[in-house]
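Undergrad: Input: one structure, supplied below.
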Amino acid sequence: MCLFINSSNHSPGVYLSEIEEVPHRIVERPTYVAAFVGYTQKSEYGGTSHLNRPLPVSSLAQFRELFGGPPQYVVGSLMDSYMLYYSVDQFFYNGGFECYVVSVGGYEDAIDKGRLSMGLEALVGGPQVSILVVPEAVLLPAEDCFALQREMLALCGCKLNGCFAVLDIHSGYKERGGSDDPIVAFRRGIGDMHLGFGAAYYPWVKRVDTGSLMPVSGIVAGIYCKIDSTVGVWKAPANVPFVHIAGLAFKTDLALINALNAAPGVKPVNGILYSQSEGVRIWGSRTLESSRNEFTFINVVRTRFMIEDSLRVYLSPFAYEKNGPETWAKIKSVVNDFLGELKKKGALQGSSNLEAFGVEVGLGETMCENDLQQGNLHIRVNIALSRPGDFHHIYLSFKKRELPA
């Protein structure tokens with residue numbers, strides 16, 4: 001993957017024209033900030049509309065202040081008419097602590113794909129987010145739901161650097177089998193693009209207070225954030241219990257759960273398992289990618305995103321340095337220090353640094369004489385995320401720019 005960063009065409013948050021010096025060290029970019037898009041009781045605060053505007057939320061109390069309370073519960077209903085409030089609630093219950101919320105309408109509005117799509121686009125060029133959740137996608141007609149989820153994957157793959165989509169299964173409260181098998185329909189509808197940028201979970205769960213059913217994306221996002229902040233993004237988000245959940249939409253067992261991602265050539269879905277001794281928990285950590293490659297496992301993909309985004313942001317000032325041996329030595333030093341710290345934390349695999357990572361930059365390594373004449377700086381970073389010596393390659397390319405006078 002090549003990233004071209006310059007003063008006229010750069011990613012949000014990178015302002016090369018204001019760079020004064022190259023940073024002394026690379027810092028991990030945060031991976032525990034989620035974005036929720038959906039319907040809220042209100043979409044204004046203090047007389048100002050915040051419709052289609054991402055607002056930071058750090059507690060359910062703050063959500064209620066900005067966006068209002070839950071939809072009215074209808075006794076005996078299978079599920080709620082709107083899902084965002086309860087998903088954010090479960091996000092905080094299950095370990096999440098920082099998110100952005102985009103309101104696309106109120107409880108008087110019908111749930112509409114066009115509105116939800118506009119909410120997604122409101123995130124482009126906005127805050128740095130790493131997890132994307134749209135719980136009310138499953139309340140759309142099936143084909144609209146799949147189309148919106150394809151948009152989520154494309155957004156993560158093309159416009160939101162380092163972001164990962166957590167998807168629910170449409171009609172995920174239904175058991176498998178028959179002509180309306182929800183997993184078969186999902187695999188058909190989700191398409192074949194950007195599958196390494198998201199994961200899906202099945203089945204739905206029951207709320208503690210009412211017993212009504214809800215999708216699990218908000219819960220899963222909270223668990224991602226808890227693991228990222230306490231251990232690291234490189235730990236697989238699997239075999240982790242749900243908090244404040246009464247049970248599943250229906251009984252599952254290991255045979256059913258394992259069948260969701262065991263067959264070769266099919267898009268994996270991660271199962272939710274219940275046992276009397278261990279409660280409700282995630283079982284599986286696969287992306288939607290059906291072929292075994294570097295985009296197969298959630299923690300591997302998200303770790304790669306974190307490393308790549310961290311390198312891109314913190315190495316961008318080198319576009320203004322002289323493209324020569326002194327600069328190349330600085331780059332190798334700062335990247336080696338960063339990757340060495342990640343290895344100590346357990347993010348990279350290998351008994352030695354040589355087995356875990358490597359940095360290549362310089363004439364005869366990543367560049368030729370023509371690159372130097374054209375002002376092109378090419379860097380290749382090799383990281384062992386799954387096993388020692390089995391490297392994933394990150395390519396960064398910077399075009400030489402002069403600081404403005």
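Following the order of the structure tokens, first chain is A, next is B, and so on, with residues numbered from 1 inside each chain and ligands from 1 in the order they appear.
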Set the distance at 7 Å and use only C-alpha atoms: which residues neighbour segment 303-308 of chain A once local chain neighbours fewer than 5 positions away are removed? I'd like the list as a count of residues only.

TA: 7

Undergrad: Counting only C-alpha atoms, give me one row per residue of segment 96-184 of chain A with an atom at most 12 Å from an atom of segment 223-228 of chain A, showing the shortest contact pair and its distance in Å to one decimal, sorted by chain then residue number, as JSON lines.

TA:
{"residue": "A:Gly96", "atom": "CA", "partner": "A:Cys225", "partner_atom": "CA", "distance": 5.3}
{"residue": "A:Phe97", "atom": "CA", "partner": "A:Cys225", "partner_atom": "CA", "distance": 7.6}
{"residue": "A:Glu98", "atom": "CA", "partner": "A:Cys225", "partner_atom": "CA", "distance": 8.5}
{"residue": "A:Cys99", "atom": "CA", "partner": "A:Cys225", "partner_atom": "CA", "distance": 9.8}
{"residue": "A:Val129", "atom": "CA", "partner": "A:Cys225", "partner_atom": "CA", "distance": 11.5}
{"residue": "A:Ser130", "atom": "CA", "partner": "A:Cys225", "partner_atom": "CA", "distance": 9.5}
{"residue": "A:Ile131", "atom": "CA", "partner": "A:Tyr224", "partner_atom": "CA", "distance": 8.5}
{"residue": "A:Leu132", "atom": "CA", "partner": "A:Tyr224", "partner_atom": "CA", "distance": 11.4}
{"residue": "A:Phe164", "atom": "CA", "partner": "A:Tyr224", "partner_atom": "CA", "distance": 10.6}
{"residue": "A:Ala165", "atom": "CA", "partner": "A:Tyr224", "partner_atom": "CA", "distance": 11.5}
{"residue": "A:Val166", "atom": "CA", "partner": "A:Tyr224", "partner_atom": "CA", "distance": 10.0}

Undergrad: Restricting it to N, CA and C atoms, dump the selection as a JSON list (two decimals), in the first residue's frame.

TA:
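Saved file again_32.json follows:
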[["chain", "number", "residue", "atom", "x", "y", "z"],
["A", 96, "GLY", "N", -16.22, 0.24, 26.46],
["A", 96, "GLY", "CA", -15.95, 1.42, 25.66],
["A", 96, "GLY", "C", -15.94, 2.67, 26.52],
["A", 97, "PHE", "N", -15.17, 3.67, 26.14],
["A", 97, "PHE", "CA", -15.11, 4.88, 26.95],
["A", 97, "PHE", "C", -14.97, 6.16, 26.11],
["A", 98, "GLU", "N", -14.86, 6.03, 24.81],
["A", 98, "GLU", "CA", -14.72, 7.21, 23.96],
["A", 98, "GLU", "C", -15.33, 6.91, 22.59],
["A", 99, "CYS", "N", -16.26, 7.73, 22.17],
["A", 99, "CYS", "CA", -16.86, 7.53, 20.85],
["A", 99, "CYS", "C", -17.35, 8.85, 20.29],
["A", 129, "VAL", "N", -11.32, 8.13, 13.95],
["A", 129, "VAL", "CA", -12.07, 7.03, 14.55],
["A", 129, "VAL", "C", -11.51, 5.72, 14.03],
["A", 130, "SER", "N", -11.67, 4.66, 14.83],
["A", 130, "SER", "CA", -11.07, 3.38, 14.47],
["A", 130, "SER", "C", -12.06, 2.24, 14.38],
["A", 131, "ILE", "N", -13.30, 2.45, 14.84],
["A", 131, "ILE", "CA", -14.33, 1.41, 14.81],
["A", 131, "ILE", "C", -15.62, 2.06, 14.33],
["A", 132, "LEU", "N", -16.30, 1.43, 13.38],
["A", 132, "LEU", "CA", -17.51, 2.01, 12.80],
["A", 132, "LEU", "C", -18.71, 1.11, 13.07],
["A", 164, "PHE", "N", -12.28, 0.24, 11.14],
["A", 164, "PHE", "CA", -12.74, -1.13, 10.96],
["A", 164, "PHE", "C", -14.23, -1.19, 11.26],
["A", 165, "ALA", "N", -15.01, -1.81, 10.37],
["A", 165, "ALA", "CA", -16.47, -1.86, 10.51],
["A", 165, "ALA", "C", -16.90, -3.11, 11.26],
["A", 166, "VAL", "N", -17.78, -2.92, 12.25],
["A", 166, "VAL", "CA", -18.39, -4.03, 12.97],
["A", 166, "VAL", "C", -19.84, -4.16, 12.49]]

Undergrad: May I have a table of the residues of segment 99-160 of chain A lying at most 12 Å from segment 209-219 of chain A, giving each one's closest pair of atoms and their distance in Å to one decimal, counting only C-alpha atoms, ordered by chain and ascending residue number, as CSV?

TA:
residue,atom,partner,partner_atom,distance
A:Cys99,CA,A:Gly218,CA,10.8
A:Ile131,CA,A:Gly218,CA,10.0
A:Leu132,CA,A:Ser217,CA,9.1
A:Val133,CA,A:Ser217,CA,6.3
A:Val134,CA,A:Ser217,CA,7.9
A:Pro135,CA,A:Ser217,CA,6.4
A:Glu136,CA,A:Pro215,CA,8.7
A:Ala137,CA,A:Pro215,CA,9.9
A:Val138,CA,A:Pro215,CA,7.9
A:Leu139,CA,A:Pro215,CA,10.0

Undergrad: Would you pick out the contacts of Tyr93 of chain A at 12 Å or less, using only C-alpha atoms, so that residues sharing its chain but fewer than 5 positions from it are not included, and give the list as a list in words?

TA: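 That gives Ser58, Ser59, Leu60, Tyr86, Ser87, Val88, Gly218, Ile219, Val220, Ala221, Gly222, Ile223, Cys225, Lys226, Pro241, Phe242, Val243, His244 and Ile245 of chain A.
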
Undergrad: Can you list, as a tab-separated table (two decimals) with N, CA and C atoms, in the first residue's frame, every protein, DNA or RNA residue that comes within 6 Å of Tyr201 of chain A when you count only C-alpha atoms, leaving out same-chain residues fewer than 4 positions away?

TA:
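Saved the output as selection.tsv:
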chain	number	residue	atom	x	y	z
A	168	ASP	N	-23.63	-6.19	11.89
A	168	ASP	CA	-24.63	-7.11	12.42
A	168	ASP	C	-25.26	-7.89	11.27
A	269	VAL	N	-18.29	-15.58	9.60
A	269	VAL	CA	-19.10	-14.80	10.53
A	269	VAL	C	-18.72	-15.29	11.94
A	270	ASN	N	-18.50	-14.36	12.84
A	270	ASN	CA	-18.12	-14.71	14.20
A	270	ASN	C	-19.36	-14.98	15.05
A	271	GLY	N	-19.35	-16.08	15.77
A	271	GLY	CA	-20.51	-16.49	16.54
A	271	GLY	C	-20.50	-15.96	17.95

Undergrad: Could you please write out, as a PyMOL selection string, every residue of segment 61-199 of chain A that DSSP assigns to strand (DSSP E)?

TA: chain A and resi 99-105+131-133+164-168+198-199

Undergrad: Would you export the selected residues with N, CA and C atoms as a PDB file, in the first residue's frame, please?

TA:
ATOM      1  N   CYS A  99     -16.264   7.731  22.166  1.00  0.00           N
ATOM      2  CA  CYS A  99     -16.859   7.525  20.851  1.00  0.00           C
ATOM      3  C   CYS A  99     -17.353   8.846  20.287  1.00  0.00           C
ATOM      4  N   TYR A 100     -17.686   8.829  19.005  1.00  0.00           N
ATOM      5  CA  TYR A 100     -18.362   9.942  18.344  1.00  0.00           C
ATOM      6  C   TYR A 100     -19.727   9.433  17.883  1.00  0.00           C
ATOM      7  N   VAL A 101     -20.715  10.297  17.976  1.00  0.00           N
ATOM      8  CA  VAL A 101     -22.066   9.944  17.576  1.00  0.00           C
ATOM      9  C   VAL A 101     -22.529  10.913  16.499  1.00  0.00           C
ATOM     10  N   VAL A 102     -23.091  10.356  15.430  1.00  0.00           N
ATOM     11  CA  VAL A 102     -23.682  11.155  14.355  1.00  0.00           C
ATOM     12  C   VAL A 102     -25.185  10.885  14.337  1.00  0.00           C
ATOM     13  N   SER A 103     -25.979  11.897  14.651  1.00  0.00           N
ATOM     14  CA  SER A 103     -27.437  11.764  14.577  1.00  0.00           C
ATOM     15  C   SER A 103     -27.903  12.090  13.164  1.00  0.00           C
ATOM     16  N   VAL A 104     -28.713  11.210  12.599  1.00  0.00           N
ATOM     17  CA  VAL A 104     -29.228  11.425  11.235  1.00  0.00           C
ATOM     18  C   VAL A 104     -30.721  11.737  11.226  1.00  0.00           C
ATOM     19  N   GLY A 105     -31.344  11.760  12.411  1.00  0.00           N
ATOM     20  CA  GLY A 105     -32.774  12.037  12.484  1.00  0.00           C
ATOM     21  C   GLY A 105     -33.323  11.681  13.851  1.00  0.00           C
ATOM     22  N   ILE A 131     -13.297   2.450  14.836  1.00  0.00           N
ATOM     23  CA  ILE A 131     -14.331   1.413  14.809  1.00  0.00           C
ATOM     24  C   ILE A 131     -15.623   2.065  14.333  1.00  0.00           C
ATOM     25  N   LEU A 132     -16.300   1.427  13.384  1.00  0.00           N
ATOM     26  CA  LEU A 132     -17.508   2.012  12.797  1.00  0.00           C
ATOM     27  C   LEU A 132     -18.708   1.112  13.069  1.00  0.00           C
ATOM     28  N   VAL A 133     -19.791   1.705  13.605  1.00  0.00           N
ATOM     29  CA  VAL A 133     -20.978   0.952  13.990  1.00  0.00           C
ATOM     30  C   VAL A 133     -22.235   1.680  13.522  1.00  0.00           C
ATOM     31  N   PHE A 164     -12.281   0.236  11.140  1.00  0.00           N
ATOM     32  CA  PHE A 164     -12.739  -1.132  10.959  1.00  0.00           C
ATOM     33  C   PHE A 164     -14.234  -1.185  11.257  1.00  0.00           C
ATOM     34  N   ALA A 165     -15.012  -1.811  10.372  1.00  0.00           N
ATOM     35  CA  ALA A 165     -16.469  -1.861  10.505  1.00  0.00           C
ATOM     36  C   ALA A 165     -16.904  -3.105  11.264  1.00  0.00           C
ATOM     37  N   VAL A 166     -17.779  -2.923  12.252  1.00  0.00           N
ATOM     38  CA  VAL A 166     -18.392  -4.035  12.974  1.00  0.00           C
ATOM     39  C   VAL A 166     -19.837  -4.160  12.488  1.00  0.00           C
ATOM     40  N   LEU A 167     -20.156  -5.289  11.862  1.00  0.00           N
ATOM     41  CA  LEU A 167     -21.448  -5.466  11.200  1.00  0.00           C
ATOM     42  C   LEU A 167     -22.331  -6.460  11.945  1.00  0.00           C
ATOM     43  N   ASP A 168     -23.632  -6.190  11.894  1.00  0.00           N
ATOM     44  CA  ASP A 168     -24.635  -7.111  12.416  1.00  0.00           C
ATOM     45  C   ASP A 168     -25.261  -7.889  11.266  1.00  0.00           C
ATOM     46  N   GLY A 198     -13.730  -5.341   7.799  1.00  0.00           N
ATOM     47  CA  GLY A 198     -14.874  -5.472   8.685  1.00  0.00           C
ATOM     48  C   GLY A 198     -15.075  -6.904   9.132  1.00  0.00           C
ATOM     49  N   ALA A 199     -15.919  -7.065  10.150  1.00  0.00           N
ATOM     50  CA  ALA A 199     -16.274  -8.379  10.682  1.00  0.00           C
ATOM     51  C   ALA A 199     -17.749  -8.380  11.043  1.00  0.00           C
TER      52      ALA A 199
END

Undergrad: Can you pull out the residues contacting Val27 of chain A? Cut-off 10 Å, using only C-alpha atoms, and skip same-chain residues under 3 positions away; I want them as number ranges by chain.

TA: A: 23-24, 30, 307, 310-311, 313-314, 338

Undergrad: Tell me which protein, DNA and RNA residues are within 12 Å of Ser351 of chain A, counting only C-alpha atoms, leaving out same-chain ones fewer than 3 positions away, and put them as an NGL selection string.

TA: :A and (340 or 343-344 or 346 or 348 or 354-357 or 384 or 387-389)

Undergrad: Just to be explicit: take each residue in the selection above, keep N, CA and C atoms, and write the result as a short mmCIF file (atom, residue, chain, number, x, y, z; two decimals), in the first residue's frame.

TA:
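New file part28.cif:
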data_model
loop_
_atom_site.label_atom_id
_atom_site.label_comp_id
_atom_site.auth_asym_id
_atom_site.auth_seq_id
_atom_site.Cartn_x
_atom_site.Cartn_y
_atom_site.Cartn_z
N GLY A 340 10.51 -1.79 17.98
CA GLY A 340 11.10 -2.50 19.11
C GLY A 340 10.22 -2.42 20.35
N LYS A 343 7.29 -4.73 19.86
CA LYS A 343 7.68 -6.13 20.08
C LYS A 343 7.71 -6.46 21.57
N LYS A 344 8.23 -5.56 22.37
CA LYS A 344 8.28 -5.79 23.82
C LYS A 344 6.87 -5.95 24.40
N GLY A 346 4.38 -7.25 22.83
CA GLY A 346 3.75 -8.46 22.30
C GLY A 346 3.04 -8.29 20.99
N LEU A 348 4.43 -7.85 17.96
CA LEU A 348 5.16 -8.48 16.86
C LEU A 348 5.74 -9.81 17.31
N LEU A 354 15.25 -9.22 14.35
CA LEU A 354 15.35 -9.60 12.94
C LEU A 354 14.17 -10.48 12.51
N GLU A 355 13.68 -11.31 13.43
CA GLU A 355 12.52 -12.14 13.13
C GLU A 355 11.21 -11.36 13.19
N ALA A 356 11.23 -10.21 13.89
CA ALA A 356 9.99 -9.49 14.16
C ALA A 356 9.75 -8.31 13.23
N PHE A 357 10.80 -7.65 12.80
CA PHE A 357 10.59 -6.46 11.96
C PHE A 357 11.87 -6.07 11.24
N ALA A 384 6.27 -8.76 11.42
CA ALA A 384 5.78 -10.12 11.62
C ALA A 384 4.63 -10.07 12.62
N ARG A 387 3.47 -14.75 12.72
CA ARG A 387 4.50 -15.72 13.10
C ARG A 387 5.87 -15.14 12.76
N PRO A 388 6.91 -15.53 13.49
CA PRO A 388 8.25 -14.98 13.25
C PRO A 388 8.71 -15.15 11.81
N GLY A 389 9.25 -14.09 11.25
CA GLY A 389 9.81 -14.14 9.92
C GLY A 389 8.81 -14.11 8.78
#

Undergrad: One decimal, Å: what's the distance from atom CA of Gly106 of chain A over to atom CA of Gly172 of chain A, could you say?

TA: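 Here the two named atoms are 24.5 Å from each other.
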
Undergrad: How far is it from atom CA of Pro54 of chain A to atom CA of Tyr85 of chain A, in Å with one decimal?

TA: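 The value is 15.2 Å.
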
Undergrad: Restricting the calculation to only C-alpha atoms: of A:Asn323, A:Gln373, A:Ser49, A:Gln349, which residue gets closest to Val361 of chain A?

TA: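 Answer, going by the shortest atom-to-atom distance: A:Asn323.
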
Undergrad: One decimal, Å: what's the distance from atom CA of Gln128 of chain A over to atom CA of Leu160 of chain A, could you say?

TA: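 Computing it gives 8.1 Å between the two atoms.
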
Undergrad: Using only C-alpha atoms, which residue out of A:Phe146, A:Phe36, A:Phe67, A:Trp328 lies closest to Leu51 of chain A?

TA: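 The shortest atom-to-atom distance to Leu51 of chain A comes from A:Phe67.
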
Undergrad: With distances taken over only C-alpha atoms, which residue among A:Gly95, A:Gly69, A:Gly177, A:Gly157 lies nearest Met193 of chain A?

TA: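 Looking only at the distances to Met193 of chain A, the closest residue turns out to be A:Gly157.
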
Undergrad: Identify which of the residues A:Gln276, A:Asn299, A:Ser117, A:Asn382 lies closest to Asn336 of chain A, counting only C-alpha atoms when measuring atom-to-atom distances.

TA: A:Asn382
